[in-house]
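Colleague: Got a structure for you, data36.tsv, holding TSV, C-alpha atoms and all ligand atoms.
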chain	number	residue	atom	x	y	z
A	1	MET	CA	21.58	-52.41	-60.97
A	2	ILE	CA	18.64	-51.79	-58.72
A	3	PHE	CA	18.14	-53.81	-55.59
A	4	PHE	CA	14.71	-54.30	-54.13
A	5	LYS	CA	13.67	-55.36	-50.73
A	6	GLN	CA	13.08	-59.07	-50.65
A	7	ASN	CA	9.72	-60.10	-49.30
A	8	THR	CA	10.05	-63.61	-48.03
A	9	GLN	CA	6.30	-64.09	-48.31
A	10	GLN	CA	6.17	-63.74	-52.01
A	11	GLN	CA	4.81	-67.15	-52.83
A	12	LYS	CA	1.85	-67.57	-55.04
A	13	GLU	CA	-1.05	-68.95	-53.13
A	14	SER	CA	-3.15	-71.80	-54.28
A	15	ASP	CA	-6.33	-69.88	-53.67
A	16	SER	CA	-5.51	-67.18	-56.19
A	17	ASN	CA	-7.52	-68.88	-58.94
A	18	GLU	CA	-10.56	-68.90	-56.77
A	19	GLN	CA	-10.33	-65.19	-56.07
A	20	ASN	CA	-9.61	-64.32	-59.66
A	21	GLU	CA	-12.67	-66.11	-60.86
A	22	SER	CA	-14.90	-63.63	-59.14
A	23	GLN	CA	-12.92	-60.63	-60.28
A	24	SER	CA	-12.19	-61.64	-63.86
A	25	SER	CA	-15.61	-60.70	-65.17
A	26	GLY	CA	-15.33	-57.13	-66.18
A	27	LEU	CA	-11.55	-56.82	-66.38
A	28	ARG	CA	-11.75	-57.01	-70.16
A	29	SER	CA	-14.24	-54.18	-70.27
A	30	ARG	CA	-12.08	-52.09	-67.93
A	31	LEU	CA	-9.02	-52.49	-70.15
A	32	LYS	CA	-10.88	-51.74	-73.33
A	33	LYS	CA	-9.02	-48.52	-74.13
A	34	THR	CA	-5.73	-50.36	-74.40
A	35	ARG	CA	-7.31	-53.34	-76.11
A	36	ARG	CA	-9.05	-51.15	-78.69
A	37	ALA	CA	-5.80	-49.36	-79.46
A	38	LEU	CA	-3.96	-52.65	-79.91
A	39	GLY	CA	-6.87	-54.28	-81.72
A	40	SER	CA	-7.14	-51.44	-84.23
A	41	ILE	CA	-4.52	-53.15	-86.39
A	42	PHE	CA	-6.75	-56.15	-86.94
A	43	GLY	CA	-9.45	-55.03	-89.38
A	44	THR	CA	-12.02	-57.42	-90.81
A	45	GLY	CA	-10.34	-59.61	-93.36
A	46	SER	CA	-6.83	-58.57	-92.28
A	47	LYS	CA	-4.29	-61.20	-93.12
A	48	LEU	CA	-1.04	-62.25	-91.62
A	49	ASP	CA	1.90	-60.64	-93.44
A	50	ASP	CA	5.03	-58.63	-92.66
A	51	ASN	CA	3.08	-55.37	-92.58
A	52	LEU	CA	0.75	-56.67	-89.94
A	53	VAL	CA	3.66	-57.91	-87.83
A	54	ASP	CA	5.40	-54.52	-88.13
A	55	ASP	CA	2.14	-52.78	-87.26
A	56	LEU	CA	1.76	-54.96	-84.20
A	57	GLU	CA	5.26	-54.06	-83.05
A	58	ASP	CA	4.48	-50.33	-83.34
A	59	HIS	CA	1.21	-50.68	-81.48
A	60	LEU	CA	2.74	-52.70	-78.64
A	61	ILE	CA	5.28	-49.91	-78.19
A	62	MET	CA	2.54	-47.27	-78.34
A	63	ALA	CA	0.70	-49.14	-75.58
A	64	ASP	CA	3.82	-48.47	-73.47
A	65	MET	CA	4.89	-52.06	-73.26
A	66	GLY	CA	8.50	-50.96	-73.46
A	67	ILE	CA	11.17	-51.70	-76.06
A	68	ASP	CA	12.72	-54.61	-74.16
A	69	ALA	CA	9.50	-56.56	-73.74
A	70	VAL	CA	8.39	-55.82	-77.31
A	71	ASP	CA	11.79	-56.80	-78.75
A	72	GLN	CA	11.63	-60.11	-76.97
A	73	ILE	CA	8.11	-60.84	-78.19
A	74	MET	CA	8.92	-59.87	-81.77
A	75	SER	CA	12.17	-61.81	-81.88
A	76	GLU	CA	10.22	-64.92	-80.94
A	77	LEU	CA	7.22	-64.15	-83.14
A	78	ARG	CA	8.95	-63.36	-86.45
A	79	PRO	CA	10.60	-66.78	-86.94
A	80	GLN	CA	7.31	-68.47	-86.10
A	81	VAL	CA	5.50	-66.47	-88.77
A	82	LYS	CA	8.29	-67.06	-91.27
A	83	SER	CA	8.34	-70.80	-90.73
A	84	GLY	CA	4.55	-70.99	-90.95
A	85	LYS	CA	4.11	-72.23	-87.39
A	86	VAL	CA	2.00	-69.17	-86.70
A	87	LYS	CA	-0.17	-69.07	-89.80
A	88	SER	CA	-3.23	-66.95	-89.11
A	89	VAL	CA	-4.11	-63.71	-87.36
A	90	ASP	CA	-5.88	-65.64	-84.62
A	91	GLU	CA	-2.77	-67.76	-84.03
A	92	LEU	CA	-0.66	-64.62	-83.91
A	93	ILE	CA	-2.96	-63.13	-81.28
A	94	GLN	CA	-2.74	-66.31	-79.22
A	95	PHE	CA	1.04	-66.43	-79.54
A	96	VAL	CA	1.50	-62.79	-78.48
A	97	THR	CA	-0.99	-63.14	-75.62
A	98	ASN	CA	0.97	-66.13	-74.29
A	99	LYS	CA	4.27	-64.27	-74.55
A	100	ILE	CA	2.85	-61.26	-72.70
A	101	SER	CA	1.43	-63.55	-70.06
A	102	GLN	CA	4.84	-65.21	-69.59
A	103	GLN	CA	6.51	-61.83	-69.16
A	104	LEU	CA	3.95	-60.85	-66.55
A	105	GLU	CA	4.16	-64.07	-64.56
A	106	ILE	CA	7.12	-62.93	-62.51
A	107	SER	CA	5.01	-60.11	-61.09
A	108	GLU	CA	2.06	-62.29	-60.16
A	109	GLN	CA	2.78	-62.65	-56.48
A	110	LYS	CA	0.00	-62.21	-54.02
A	111	LEU	CA	0.67	-60.24	-50.87
A	112	VAL	CA	0.60	-62.41	-47.79
A	113	VAL	CA	-0.36	-60.54	-44.64
A	114	GLU	CA	0.95	-62.69	-41.84
A	115	GLN	CA	2.72	-60.92	-39.01
A	116	SER	CA	0.66	-58.74	-36.78
A	117	PRO	CA	0.56	-55.82	-37.05
A	118	PHE	CA	1.60	-56.12	-40.67
A	119	VAL	CA	2.80	-52.72	-41.84
A	120	LEU	CA	2.10	-51.66	-45.40
A	121	LEU	CA	3.51	-48.37	-46.64
A	122	LEU	CA	2.09	-46.68	-49.73
A	123	VAL	CA	4.25	-44.23	-51.66
A	124	GLY	CA	4.17	-42.50	-55.03
A	125	VAL	CA	3.96	-39.22	-56.91
A	126	ASN	CA	1.00	-36.84	-56.61
A	127	GLY	CA	-2.47	-37.94	-57.54
A	128	VAL	CA	-1.74	-41.53	-58.54
A	129	GLY	CA	-4.38	-42.94	-56.18
A	130	LYS	CA	-2.50	-43.67	-52.92
A	131	THR	CA	-5.24	-42.56	-50.54
A	132	THR	CA	-8.00	-44.24	-52.52
A	133	THR	CA	-5.86	-47.36	-52.66
A	134	ALA	CA	-5.28	-47.23	-48.89
A	135	ALA	CA	-9.05	-47.21	-48.37
A	136	ARG	CA	-9.64	-50.00	-50.88
A	137	LEU	CA	-6.93	-52.17	-49.38
A	138	ALA	CA	-8.42	-51.55	-45.95
A	139	HIS	CA	-11.81	-52.63	-47.25
A	140	TYR	CA	-10.36	-55.69	-49.01
A	141	TYR	CA	-8.51	-56.99	-45.95
A	142	GLN	CA	-11.40	-56.10	-43.70
A	143	SER	CA	-13.58	-58.31	-45.89
A	144	LEU	CA	-11.06	-61.12	-45.33
A	145	GLY	CA	-11.61	-60.76	-41.60
A	146	LYS	CA	-8.53	-58.71	-40.72
A	147	SER	CA	-8.62	-55.78	-38.35
A	148	VAL	CA	-7.20	-52.73	-40.10
A	149	MET	CA	-5.88	-49.33	-39.05
A	150	LEU	CA	-4.95	-46.39	-41.26
A	151	ALA	CA	-2.14	-43.90	-40.63
A	152	ALA	CA	-2.50	-40.41	-42.08
A	153	CYS	CA	1.14	-39.68	-42.89
A	154	ASP	CA	0.28	-37.20	-45.61
A	155	THR	CA	0.70	-34.26	-43.30
A	156	PHE	CA	1.78	-32.08	-46.23
A	157	ARG	CA	-1.20	-31.54	-48.51
A	158	ALA	CA	-4.11	-29.52	-47.14
A	159	ALA	CA	-7.17	-31.71	-46.47
A	160	ALA	CA	-5.25	-34.96	-46.97
A	161	ILE	CA	-5.81	-35.98	-43.34
A	162	GLU	CA	-9.54	-35.28	-43.59
A	163	GLN	CA	-9.71	-37.29	-46.81
A	164	LEU	CA	-8.32	-40.38	-45.05
A	165	GLN	CA	-10.42	-39.77	-41.95
A	166	SER	CA	-13.52	-39.67	-44.06
A	167	TRP	CA	-12.60	-43.08	-45.55
A	168	GLY	CA	-12.00	-44.34	-42.03
A	169	LYS	CA	-15.47	-43.24	-41.02
A	170	LYS	CA	-17.10	-44.85	-44.04
A	171	LEU	CA	-15.29	-48.14	-43.44
A	172	ASP	CA	-15.45	-47.98	-39.67
A	173	ILE	CA	-11.68	-48.21	-39.43
A	174	PRO	CA	-9.54	-46.26	-36.93
A	175	VAL	CA	-7.29	-43.58	-38.41
A	176	VAL	CA	-4.21	-42.38	-36.55
A	177	ALA	CA	-3.53	-38.75	-37.37
A	178	GLN	CA	-1.95	-35.58	-36.06
A	179	GLN	CA	-2.45	-32.06	-37.28
A	180	HIS	CA	-1.57	-30.75	-40.73
A	181	GLY	CA	2.16	-29.98	-40.96
A	182	SER	CA	3.23	-32.40	-38.25
A	183	ASP	CA	6.10	-34.87	-38.64
A	184	ALA	CA	5.00	-37.78	-40.84
A	185	ALA	CA	7.50	-40.11	-39.15
A	186	ALA	CA	6.01	-39.31	-35.74
A	187	VAL	CA	2.55	-40.22	-37.05
A	188	ALA	CA	3.90	-43.52	-38.38
A	189	HIS	CA	5.56	-44.19	-35.03
A	190	ASP	CA	2.35	-43.52	-33.07
A	191	ALA	CA	0.28	-45.52	-35.49
A	192	TYR	CA	2.50	-48.58	-35.11
A	193	GLU	CA	2.46	-48.36	-31.33
A	194	SER	CA	-1.29	-47.98	-31.37
A	195	ALA	CA	-1.78	-50.87	-33.82
A	196	LYS	CA	0.38	-53.07	-31.60
A	197	ALA	CA	-1.47	-52.10	-28.44
A	198	LYS	CA	-4.83	-52.75	-30.10
A	199	ASN	CA	-3.80	-56.05	-31.70
A	200	ILE	CA	-4.51	-54.73	-35.18
A	201	ASP	CA	-3.66	-57.15	-38.01
A	202	LEU	CA	-2.84	-54.62	-40.71
A	203	LEU	CA	-1.61	-51.04	-40.54
A	204	ILE	CA	-1.79	-49.17	-43.85
A	205	ILE	CA	0.26	-45.98	-44.04
A	206	ASP	CA	-0.84	-43.32	-46.51
A	207	THR	CA	1.85	-40.82	-47.45
A	208	ALA	CA	2.03	-37.50	-49.28
A	209	GLY	CA	2.41	-37.45	-53.05
A	210	ARG	CA	5.89	-36.30	-53.98
A	211	GLN	CA	8.11	-35.82	-56.98
A	212	HIS	CA	11.60	-37.24	-56.69
A	213	THR	CA	13.02	-33.77	-57.28
A	214	HIS	CA	11.42	-32.53	-54.04
A	215	SER	CA	14.37	-33.47	-51.87
A	216	SER	CA	12.96	-32.54	-48.46
A	217	LEU	CA	9.82	-34.60	-49.06
A	218	MET	CA	11.89	-37.51	-50.33
A	219	GLU	CA	14.06	-37.26	-47.24
A	220	GLN	CA	10.90	-37.28	-45.12
A	221	LEU	CA	9.98	-40.60	-46.68
A	222	ALA	CA	13.36	-42.04	-45.80
A	223	LYS	CA	12.79	-40.84	-42.24
A	224	VAL	CA	9.41	-42.57	-42.01
A	225	ASN	CA	11.17	-45.74	-43.09
A	226	ARG	CA	14.02	-45.26	-40.58
A	227	VAL	CA	11.69	-44.59	-37.68
A	228	LEU	CA	9.67	-47.70	-38.46
A	229	GLN	CA	12.83	-49.78	-38.70
A	230	LYS	CA	13.96	-48.56	-35.31
A	231	LEU	CA	10.72	-49.88	-33.87
A	232	ASN	CA	11.23	-53.20	-35.60
A	233	PRO	CA	13.92	-53.90	-38.22
A	234	GLN	CA	11.40	-55.80	-40.34
A	235	LEU	CA	9.22	-52.74	-40.84
A	236	PRO	CA	7.64	-51.85	-43.10
A	237	HIS	CA	6.77	-55.40	-44.13
A	238	GLU	CA	5.66	-54.12	-47.49
A	239	SER	CA	6.54	-50.89	-49.28
A	240	ILE	CA	4.31	-50.41	-52.28
A	241	ILE	CA	4.69	-47.80	-54.97
A	242	VAL	CA	1.38	-46.72	-56.46
A	243	LEU	CA	1.65	-45.92	-60.16
A	244	ASP	CA	-0.85	-44.29	-62.51
A	245	ALA	CA	-0.91	-46.33	-65.73
A	246	GLY	CA	-1.69	-43.14	-67.62
A	247	ASN	CA	1.83	-41.93	-66.80
A	248	GLY	CA	3.12	-44.59	-69.18
A	249	GLN	CA	6.88	-44.79	-69.38
A	250	ASN	CA	7.27	-42.17	-66.62
A	251	ALA	CA	6.03	-44.80	-64.20
A	252	LEU	CA	9.25	-46.70	-64.83
A	253	SER	CA	11.48	-43.89	-63.64
A	254	GLN	CA	9.22	-43.30	-60.63
A	255	VAL	CA	9.99	-46.83	-59.45
A	256	ALA	CA	13.73	-46.24	-59.72
A	257	HIS	CA	13.60	-42.86	-57.94
A	258	PHE	CA	11.49	-44.05	-55.02
A	259	ASN	CA	13.50	-47.21	-54.64
A	260	GLU	CA	16.56	-45.05	-54.04
A	261	MET	CA	14.89	-43.67	-50.91
A	262	ILE	CA	13.14	-46.77	-49.63
A	263	PRO	CA	13.51	-50.33	-50.87
A	264	LEU	CA	10.26	-51.17	-52.64
A	265	SER	CA	8.69	-54.60	-52.38
A	266	GLY	CA	5.63	-54.22	-54.58
A	267	MET	CA	3.66	-52.12	-57.04
A	268	ILE	CA	0.03	-51.21	-57.52
A	269	VAL	CA	-0.90	-49.88	-60.95
A	270	THR	CA	-4.06	-47.74	-60.97
A	271	LYS	CA	-6.30	-46.06	-63.52
A	272	LEU	CA	-5.92	-48.83	-66.07
A	273	ASP	CA	-9.51	-48.12	-67.06
A	274	GLY	CA	-8.73	-44.61	-68.23
A	275	THR	CA	-5.78	-45.14	-70.51
A	276	ALA	CA	-4.58	-46.84	-73.69
A	277	LYS	CA	-1.20	-47.29	-71.99
A	278	GLY	CA	-2.10	-50.44	-70.09
A	279	GLY	CA	0.94	-52.15	-71.61
A	280	VAL	CA	3.05	-50.31	-69.06
A	281	VAL	CA	2.38	-53.15	-66.62
A	282	VAL	CA	4.38	-55.41	-68.96
A	283	ALA	CA	7.24	-52.90	-69.11
A	284	LEU	CA	7.25	-52.62	-65.31
A	285	ALA	CA	7.27	-56.38	-64.81
A	286	LYS	CA	10.04	-56.83	-67.34
A	287	LYS	CA	12.25	-54.08	-65.97
A	288	TYR	CA	11.84	-54.47	-62.22
A	289	GLN	CA	10.36	-57.92	-61.67
A	290	LEU	CA	8.58	-56.56	-58.62
A	291	PRO	CA	5.23	-58.07	-57.65
A	292	VAL	CA	2.18	-56.23	-58.93
A	293	ARG	CA	0.10	-56.66	-55.80
A	294	PHE	CA	-3.11	-55.15	-57.13
A	295	ILE	CA	-4.41	-53.19	-60.09
A	296	GLY	CA	-6.87	-50.30	-60.09
A	297	VAL	CA	-9.47	-50.45	-62.85
A	298	GLY	CA	-12.08	-47.90	-61.83
A	299	GLU	CA	-13.25	-45.61	-59.10
A	300	ALA	CA	-15.45	-47.97	-57.10
A	301	MET	CA	-14.34	-49.77	-53.94
A	302	GLN	CA	-14.25	-53.16	-55.69
A	303	ASP	CA	-12.21	-51.79	-58.59
A	304	LEU	CA	-8.96	-52.64	-56.86
A	305	ARG	CA	-8.27	-56.18	-58.01
A	306	LEU	CA	-5.72	-58.88	-57.58
A	307	PHE	CA	-3.29	-59.10	-60.46
A	308	GLU	CA	-3.24	-62.28	-62.50
A	309	ALA	CA	-0.82	-62.50	-65.41
A	310	LYS	CA	-2.83	-64.64	-67.82
A	311	GLU	CA	-6.10	-62.87	-67.20
A	312	PHE	CA	-4.41	-59.51	-67.67
A	313	ALA	CA	-2.69	-60.54	-70.92
A	314	GLN	CA	-5.98	-61.87	-72.29
A	315	ALA	CA	-7.70	-58.60	-71.46
A	316	LEU	CA	-5.04	-56.52	-73.21
A	317	LEU	CA	-5.54	-58.03	-76.66
A	318	PRO	CA	-8.66	-59.00	-78.59
A	319	GLN	CA	-8.66	-62.77	-78.27
A	320	ASN	CA	-9.49	-63.45	-81.91
A	321	LEU	CA	-10.05	-61.59	-85.12
A	322	ALA	CA	-13.83	-61.72	-84.84
A	323	GLU	CA	-13.66	-60.08	-81.45
A	324	SER	CA	-11.37	-57.19	-82.39
A	325	GLU	CA	-13.26	-53.94	-81.93
B	1	LIG	N1	-10.60	-44.18	-62.99
B	1	LIG	C1	-9.86	-44.47	-61.92
B	1	LIG	N2	-9.64	-43.51	-61.00
B	1	LIG	C2	-8.88	-43.82	-59.94
B	1	LIG	C3	-8.30	-45.10	-59.75
B	1	LIG	N3	-7.58	-45.08	-58.61
B	1	LIG	C4	-7.72	-43.84	-58.09
B	1	LIG	N4	-8.49	-43.07	-58.89
B	1	LIG	C5	-8.89	-41.66	-58.71
B	1	LIG	O1	-7.74	-40.85	-58.69
B	1	LIG	C6	-7.99	-39.66	-57.96
B	1	LIG	C7	-6.83	-39.37	-57.02
B	1	LIG	O2	-6.82	-40.34	-56.01
B	1	LIG	P1	-6.11	-40.15	-54.60
B	1	LIG	O3	-6.27	-41.44	-53.89
B	1	LIG	O4	-6.57	-38.94	-53.91
B	1	LIG	O5	-4.62	-39.96	-55.07
B	1	LIG	P2	-3.32	-39.69	-54.14
B	1	LIG	O6	-2.19	-40.41	-54.76
B	1	LIG	O7	-3.65	-40.01	-52.74
B	1	LIG	O8	-3.15	-38.13	-54.36
B	1	LIG	P3	-2.21	-37.15	-53.48
B	1	LIG	O9	-2.42	-37.51	-52.04
B	1	LIG	O10	-2.69	-35.77	-53.80
B	1	LIG	O11	-0.81	-37.39	-53.94
B	1	LIG	C8	-9.31	-39.90	-57.24
B	1	LIG	O12	-10.33	-39.19	-57.92
B	1	LIG	C9	-9.54	-41.38	-57.36
B	1	LIG	O13	-10.91	-41.75	-57.38
B	1	LIG	C10	-8.53	-46.09	-60.76
B	1	LIG	O14	-8.04	-47.23	-60.72
B	1	LIG	N5	-9.31	-45.71	-61.81
B	2	MG	MG	-3.40	-38.90	-51.03
Is it possible to express this structure as structure tokens?

Modeller:
Amino acid sequence: MIFFKQNTQQQKESDSNEQNESQSSGLRSRLKKTRRALGSIFGTGSKLDDNLVDDLEDHLIMADMGIDAVDQIMSELRPQVKSGKVKSVDELIQFVTNKISQQLEISEQKLVVEQSPFVLLLVGVNGVGKTTTAARLAHYYQSLGKSVMLAACDTFRAAAIEQLQSWGKKLDIPVVAQQHGSDAAAVAHDAYESAKAKNIDLLIIDTAGRQHTHSSLMEQLAKVNRVLQKLNPQLPHESIIVLDAGNGQNALSQVAHFNEMIPLSGMIVTKLDGTAKGGVVVALAKKYQLPVRFIGVGEAMQDLRLFEAKEFAQALLPQNLAESE
């Protein structure tokens, strides 16, 4: 049994529809690799029979949706097909889309940045998009009128500090940093003190990419967490694991490994534009029930988007036979 940090602010907000309206255009095109892979089973003139249902099951698994989620969908779908309640390919698509959406709903919880400074820690394995995500989050909250500060706690990889500083310059956001090789926990400490002194609303902490087998780096992460908690037991207010959708099922074990070191309160799934494994978001929601705070669907600043279950489910599957590509 895995226990996650409870974030008391995890209510859905009534304005989420409004925000999703502006971001929904384009999500379908960004998820087209996964949708094409799933849609490949629906050829022109394909009809609803046992073969098609079996094919669908295989393709949902290949999209990394995970056995548990797929089993649940199929166990509900098969009786509906048998009894004739689902009687066409289009109805099957609608049924499956709704089931996927229901499974994702638990993870549709918008991050509420309330306390000040609100401390958001980003963690994850190498190259998943943590630093880019830190910059995009900074930009997003800046555009909502929040003052933001970045903390360069990746003191491990060469040029990581400069990478964050360059984002800071572009966005006109202060970056707290020390030299390469310094103690990441000390940087986090200084950054929090500085954010407090400067009345910053949001402090985003970028950390080094690490594999769970790298015990000293994992221990360093636990230390960052401990040092923050000494400053204020509520810190960090949000600990987000950044996951590359292209890692498929491996993303699931990454969540478990990182959560052993620091209690996670949210996930961000990136690179959904570059993979046919977009179903992994469903597997993650099903297994961990953690909020998916944002999704990454491209390399541009605005390609970090709020996660909305229904919109995501509708983008994963062709929405009718005519549309299948
Ligand atoms: N296509 C695409 N690329 C992305 C997305 N998110 C991040 N990237 C790219 O992924 C690459 C790695 O991003 P970084 O932010 O440096 O990753 P990181 O996790 O900080 O890497 P380390 O610090 O080395 O562990 C960059 O080229 C980003 O532009 C996304 O949603 N889609
Ligand atoms: Mg980085």

Colleague: Can you pull out the residues contacting range 60-77 of chain A? Cut-off 6 Å, using all atoms listed in the file, and skip same-chain residues under 2 positions away; I want them as number ranges by chain.

Modeller: A: 57-58, 79-80, 248, 277, 279-280, 282-283

Colleague: Taking all atoms listed in the file into account, name the residue in A:Glu219, A:Met149, A:Lys230, A:Arg305 that is nearest to Ala195 in chain A.

Modeller: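 Among the listed residues, A:Met149 lies closest to Ala195 in chain A.
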
Colleague: Mind checking which residues fall within 6 Å of range 284-291 of chain A, counting all atoms listed in the file, ignoring those fewer than 6 positions away in the same chain, and posting them as a list in words?

Modeller: Leu104, Ser107, Glu108, Gln109 and Gly266 of chain A

Colleague: Within 12 Å of ligand MG 2 (chain B), counting all atoms listed in the file, which protein or nucleic acid residues do you find, written as number ranges by chain?

Modeller: A: 122-135, 151-165, 167, 205-210, 242

Colleague: How would the residues just chosen look if you wrote them out with C-alpha atoms as a CSV table (one decimal), keeping the file's coordinate frame?

Modeller:
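Result saved to again.csv:
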chain,number,residue,atom,x,y,z
A,122,LEU,CA,2.1,-46.7,-49.7
A,123,VAL,CA,4.2,-44.2,-51.7
A,124,GLY,CA,4.2,-42.5,-55.0
A,125,VAL,CA,4.0,-39.2,-56.9
A,126,ASN,CA,1.0,-36.8,-56.6
A,127,GLY,CA,-2.5,-37.9,-57.5
A,128,VAL,CA,-1.7,-41.5,-58.5
A,129,GLY,CA,-4.4,-42.9,-56.2
A,130,LYS,CA,-2.5,-43.7,-52.9
A,131,THR,CA,-5.2,-42.6,-50.5
A,132,THR,CA,-8.0,-44.2,-52.5
A,133,THR,CA,-5.9,-47.4,-52.7
A,134,ALA,CA,-5.3,-47.2,-48.9
A,135,ALA,CA,-9.0,-47.2,-48.4
A,151,ALA,CA,-2.1,-43.9,-40.6
A,152,ALA,CA,-2.5,-40.4,-42.1
A,153,CYS,CA,1.1,-39.7,-42.9
A,154,ASP,CA,0.3,-37.2,-45.6
A,155,THR,CA,0.7,-34.3,-43.3
A,156,PHE,CA,1.8,-32.1,-46.2
A,157,ARG,CA,-1.2,-31.5,-48.5
A,158,ALA,CA,-4.1,-29.5,-47.1
A,159,ALA,CA,-7.2,-31.7,-46.5
A,160,ALA,CA,-5.2,-35.0,-47.0
A,161,ILE,CA,-5.8,-36.0,-43.3
A,162,GLU,CA,-9.5,-35.3,-43.6
A,163,GLN,CA,-9.7,-37.3,-46.8
A,164,LEU,CA,-8.3,-40.4,-45.0
A,165,GLN,CA,-10.4,-39.8,-42.0
A,167,TRP,CA,-12.6,-43.1,-45.6
A,205,ILE,CA,0.3,-46.0,-44.0
A,206,ASP,CA,-0.8,-43.3,-46.5
A,207,THR,CA,1.8,-40.8,-47.4
A,208,ALA,CA,2.0,-37.5,-49.3
A,209,GLY,CA,2.4,-37.4,-53.0
A,210,ARG,CA,5.9,-36.3,-54.0
A,242,VAL,CA,1.4,-46.7,-56.5

Colleague: Would you mind listing what lies within 8 Å of Ile41 in chain A as an mmCIF file with C-alpha atoms, keeping the file's coordinate frame, with only C-alpha atoms counted and same-chain residues fewer than 5 positions away left out?

Modeller:
data_model
loop_
_atom_site.group_PDB
_atom_site.id
_atom_site.type_symbol
_atom_site.label_atom_id
_atom_site.label_comp_id
_atom_site.auth_asym_id
_atom_site.auth_seq_id
_atom_site.Cartn_x
_atom_site.Cartn_y
_atom_site.Cartn_z
ATOM 1 C CA LEU A 52 0.750 -56.670 -89.940
ATOM 2 C CA ASP A 55 2.140 -52.780 -87.260
ATOM 3 C CA LEU A 56 1.760 -54.960 -84.200
ATOM 4 C CA HIS A 59 1.210 -50.680 -81.480
#

Colleague: Kindly indicate which residue among A:Ala256, A:Val86, A:Leu31, A:Leu235 lies nearest to ligand LIG 1 (chain B), using only C-alpha atoms and all ligand atoms for the distances.

Modeller: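 Smallest separation from ligand LIG 1 (chain B) among the options: A:Leu31.
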
Colleague: Counting only C-alpha atoms, which of A:Gln319, A:Thr270, A:Ser182, A:Ser239 gets nearest to Ile295 in chain A?

Modeller: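 Residue with the minimum atom-to-atom distance to Ile295 in chain A: A:Thr270.
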
Colleague: Anything within 9 Å of (3.4, -61.6, -91.2): list those residues as a list of chain:residue names, counting only C-alpha atoms and sticking to the file's coordinates.

Modeller: A:Lys47, A:Leu48, A:Asp49, A:Asp50, A:Asn51, A:Leu52, A:Val53, A:Asp54, A:Arg78, A:Val81, A:Lys82, A:Val86, A:Lys87, A:Ser88, A:Val89, A:Leu92

Colleague: Which residues are near Leu317 in chain A? Cut-off 12 Å, all atoms listed in the file, ignore same chain within fewer than 2 positions. Put them as JSON, numbers by chain.

Modeller: {"A": [27, 28, 29, 31, 32, 33, 34, 35, 36, 37, 38, 39, 40, 41, 42, 56, 59, 60, 63, 90, 92, 93, 94, 95, 96, 97, 98, 99, 100, 101, 276, 278, 279, 310, 311, 312, 313, 314, 315, 319, 320, 321, 323, 324, 325]}

Colleague: Calculated over all atoms listed in the file, which of the candidates A:Lys146, A:His237, A:His214, A:Arg136 has the smallest distance to ligand LIG 1 (chain B)?

Modeller: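 Selected residue with least distance to ligand LIG 1 (chain B): A:Arg136.
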
Colleague: I need every residue sitting at most 8 Å from the point (10.1, -39.1, -43.7) (coordinates as in the file, only C-alpha atoms considered), written as a PyMOL selection string.

Modeller: chain A and resi 183-185+217-226

Colleague: I need the residue nearest ligand LIG 1 (chain B) from this list: A:Asn232, A:Gln103, A:Gln211, A:Ser194. Use all atoms listed in the file for the distance.

Modeller: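 Closest to ligand LIG 1 (chain B), using all atoms listed in the file: A:Gln211.
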
Colleague: As an exercise, work out the distance from CA of Lys110 in chain A to CA of Tyr140 in chain A in Å and give it to one decimal place.

Modeller: 13.2 Å

Colleague: Box in all listed atoms of range 287-301 of chain A, axis-aligned, with 4 Å more on each side; write out centre and edge lengths in Å to one decimal as lines of an AutoDock Vina configuration file.

Modeller:
center_x = -1.6
center_y = -51.8
center_z = -60.0
size_x = 35.7
size_y = 20.5
size_z = 20.0

Colleague: Measuring atom to atom with all atoms listed in the file, identify which of A:Arg30, A:Ile262, A:Val227, A:Val292 is nearest to ligand LIG 1 (chain B).

Modeller: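 Counting all atoms listed in the file, the residue closest to ligand LIG 1 (chain B) is A:Arg30.
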
Colleague: Would you mind reading off the distance between CA of Glu299 in chain A and CA of Leu150 in chain A, one decimal, in Å?

Modeller: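 According to the coordinates, CA of Glu299 in chain A and CA of Leu150 in chain A are separated by 19.7 Å.
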
Colleague: Do you have the atom C4 of ligand LIG 1 (chain B)-CA of Ala245 in chain A distance handy?

Modeller: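 Taking atom C4 of ligand LIG 1 (chain B) as the start and CA of Ala245 in chain A as the end point, the length is 10.5 Å.
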
Colleague: List as a ChimeraX atom specification the protein and nucleic acid residues near Ile200 in chain A, meaning an atom at most 6 Å away when all atoms listed in the file are counted, but skip any in the same chain fewer than 5 places from it.

Modeller: /A:117,147-148,195
